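Below: the structure, in structure tokens.
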Amino acid sequence: MANSFASRTLTALSDLQPNMADLKIIGIVIGKTDVKGFPDRKNIGSERYTFSFTIRDSPAHFINATSWGNEDYIKSLSDGFRVGDCVIIENPLIQRKDIEREEKFSPATPSNCKLLLSENHSTVKVCSSYEVDTKLLSLIHLPVKESRDYYSLGDIVANGHNLNGRIINVLAAVKSVGEPKYFTTSDRRKGQRCEVRLYDETESSFSMTCWDSESILLAQCWMPRETVIFASDVRISFDKFRNCMTATVISKTIITTNPDTPEANILLNFIRENKETNIVDDEIDSYFKESINLSTIVDVYTVEQLKVKALKNEGKADPFYGILYAYISALNIDDETTKVVRNRCSSCGYIVNEASNMCTTCNKNSLDFKSVFVSFEMLIDLTDHTGTLHSCSLTGSVAEETLGCTFVVSHRARSGLKISVLSCKLADPTEASRNLSG
């Protein structure tokens, strides 16, 4: 340790035993969860708050720490440090952990103990980088799992449904980091999400979603096409909306940015060599691949209001969402079949080349052929009492429901206003009348 700690007695994580007292522990924060509130069983009507984090002091040793308390204390403590900070913890309570119960939702650690922090006895102090040994700082680039213990993105896609629901490790490069999206659920809980697009030598685009503010904050620091991540314990799922495999960051996940491993260095060289030749994602098409929580869409628009709002948003990349009560005034299904039914790549979701039936995004040559799936691709007109929206996109499973239009997504296309239908349902006459008259 640096000289400033020479006179202090620090206990290594490897030496911790249950019920030890009067301890000082130093470590680098490698993982952290959001603050959450729960009903206090002892005080009906009030809430207790908690959050957890993981610290490391050597390549082989890391441990989880949890704190419980009132809202002000827990939020203040959580706001005091981030992933990548070095902290000194004083007077934590050392308890033996219940591995089966606790590691179901927390990162798996080699320690048989856990740390509990209390407001009255424990403190957490952030150390500046010049105060600590560089060996401690370097641990932030060391994955918590064996460097070869991961799935390539191609392996995930190839295994498909066999990995649905599984928790695995992933090594990949960052292709793009989406803007955080904030929403309120139907039961008025605040939420957020951020989609990160990953890629490697085997797949050109793969989605990983962050739902907590800590992982979203970490993701905002990643440089697209320059950053490699090792994500331990992410959940793999099959996204029915986009018909592809996706990853989700969960409370067990620990993400190592730019890991210092041979495998990561090989991938880093790959992305550097191919940085200029990689195909850039089409911004408009990417919106079709993004899963939207329809229950969070509450704003009601008329056609005229949509057009006005679109003009105000001109030049902005992000879409806006709303509810439209209208009827389908044009539905052309008598055109050529190729314009109504299209093949999409089962890997990335893009429309494949009609002549070769190959995906030019995923496939470099015919040996890399990936399966396709049939998707409806129709253009419809939507009309209400204020006007008509022409050439709205009605695709995929939504196109199979043409009873009436309720939800739409709007963003600026290169040639003007672009409307994509996210859900089609027959509107309740009373509800529609009330909104139209308003």
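FYI, nothing fancy with the structure tokens labels: chains A, B, ... in order, residues from 1 per chain, ligands from 1 as they appear.
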Contacts of range 57-59 of chain A at 10 Å or less, counting only C-alpha atoms, minus same-chain residues fewer than 5 places along, as JSON, numbers by chain? {"A": [12, 13, 14, 25, 26, 27, 28, 29, 86, 135, 136, 137, 138, 139, 140, 142, 143, 144]}
For those residues, write C-alpha atoms to a file as an mmCIF file, in the first residue's frame.
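Saved file selection.cif follows:
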data_model
loop_
_atom_site.group_PDB
_atom_site.id
_atom_site.type_symbol
_atom_site.label_atom_id
_atom_site.label_comp_id
_atom_site.auth_asym_id
_atom_site.auth_seq_id
_atom_site.Cartn_x
_atom_site.Cartn_y
_atom_site.Cartn_z
ATOM 1 C CA ALA A 12 -7.186 -8.400 3.733
ATOM 2 C CA LEU A 13 -10.388 -9.936 2.393
ATOM 3 C CA SER A 14 -8.703 -13.344 2.435
ATOM 4 C CA ILE A 25 -10.820 -2.937 4.732
ATOM 5 C CA ILE A 26 -9.664 -1.384 1.500
ATOM 6 C CA GLY A 27 -10.820 -2.445 -1.946
ATOM 7 C CA ILE A 28 -11.835 -1.280 -5.385
ATOM 8 C CA VAL A 29 -15.545 -1.264 -6.210
ATOM 9 C CA CYS A 86 -11.273 2.707 -4.156
ATOM 10 C CA LYS A 135 -1.904 -2.916 -8.166
ATOM 11 C CA LEU A 136 -5.229 -2.257 -6.487
ATOM 12 C CA LEU A 137 -6.349 0.083 -9.265
ATOM 13 C CA SER A 138 -5.451 -2.471 -11.937
ATOM 14 C CA LEU A 139 -7.945 -4.966 -10.495
ATOM 15 C CA ILE A 140 -10.777 -3.055 -12.200
ATOM 16 C CA LEU A 142 -9.540 -8.151 -14.254
ATOM 17 C CA PRO A 143 -12.714 -10.215 -14.892
ATOM 18 C CA VAL A 144 -14.204 -12.058 -11.937
#
Could you give me, as a tab-separated table, every range 122-165 of chain A residue with an atom at most 12 Å from range 246-265 of chain A, plus its closest atom pair and distance in Å to one decimal, counting only C-alpha atoms, rows ordered by chain then number?
residue	atom	partner	partner_atom	distance
A:Ser138	CA	A:Asp260	CA	8.8
A:Leu139	CA	A:Asp260	CA	9.2
A:Ile140	CA	A:Thr256	CA	6.7
A:His141	CA	A:Pro259	CA	4.5
A:Leu142	CA	A:Pro259	CA	5.5
A:Pro143	CA	A:Thr256	CA	5.6
A:Val144	CA	A:Ile254	CA	7.6
A:Lys145	CA	A:Ile254	CA	9.6
A:Glu146	CA	A:Thr261	CA	9.6
A:Ser147	CA	A:Thr261	CA	6.4
A:Arg148	CA	A:Glu263	CA	7.2
A:Asp149	CA	A:Glu263	CA	10.3
A:Tyr150	CA	A:Glu263	CA	10.1
A:Tyr151	CA	A:Ala247	CA	11.6
A:Ser152	CA	A:Glu263	CA	11.0
A:Leu153	CA	A:Thr246	CA	9.7
A:Gly154	CA	A:Thr246	CA	11.9
A:Ile156	CA	A:Thr246	CA	8.8
A:Val157	CA	A:Thr246	CA	9.0
A:Gly160	CA	A:Thr246	CA	9.9
A:His161	CA	A:Thr246	CA	11.0
A:Leu163	CA	A:Thr246	CA	10.3
A:Asn164	CA	A:Thr246	CA	9.2
A:Gly165	CA	A:Ala247	CA	9.7
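With distances restricted to only C-alpha atoms, A:Leu268 is the closest residue to Val174 in chain A from A:Ser106, A:Leu268, A:Glu100, A:Leu217.
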Work out how far apart CA of Arg193 in chain A and CA of Leu422 in chain A are and give it in Å to one decimal. 18.2 Å
Among range 18-235 of chain A, which residues does DSSP mark as strand (DSSP E or B) when it is run on the backbone? Keep the chain and numbering as in the structure and answer as number ranges by chain. A: 24-32, 36-39, 47-58, 61-69, 86-90, 93-96, 113-117, 123-127, 151, 167-177, 181-184, 190-199, 206-210, 228-235
Select from range 102-290 of chain A everything DSSP, run on the backbone, classes as helix (DSSP H, G or I), then give the selection as a PyMOL selection string. chain A and resi 102+129-131+134-141+153-163+213-219+262-273+283-289
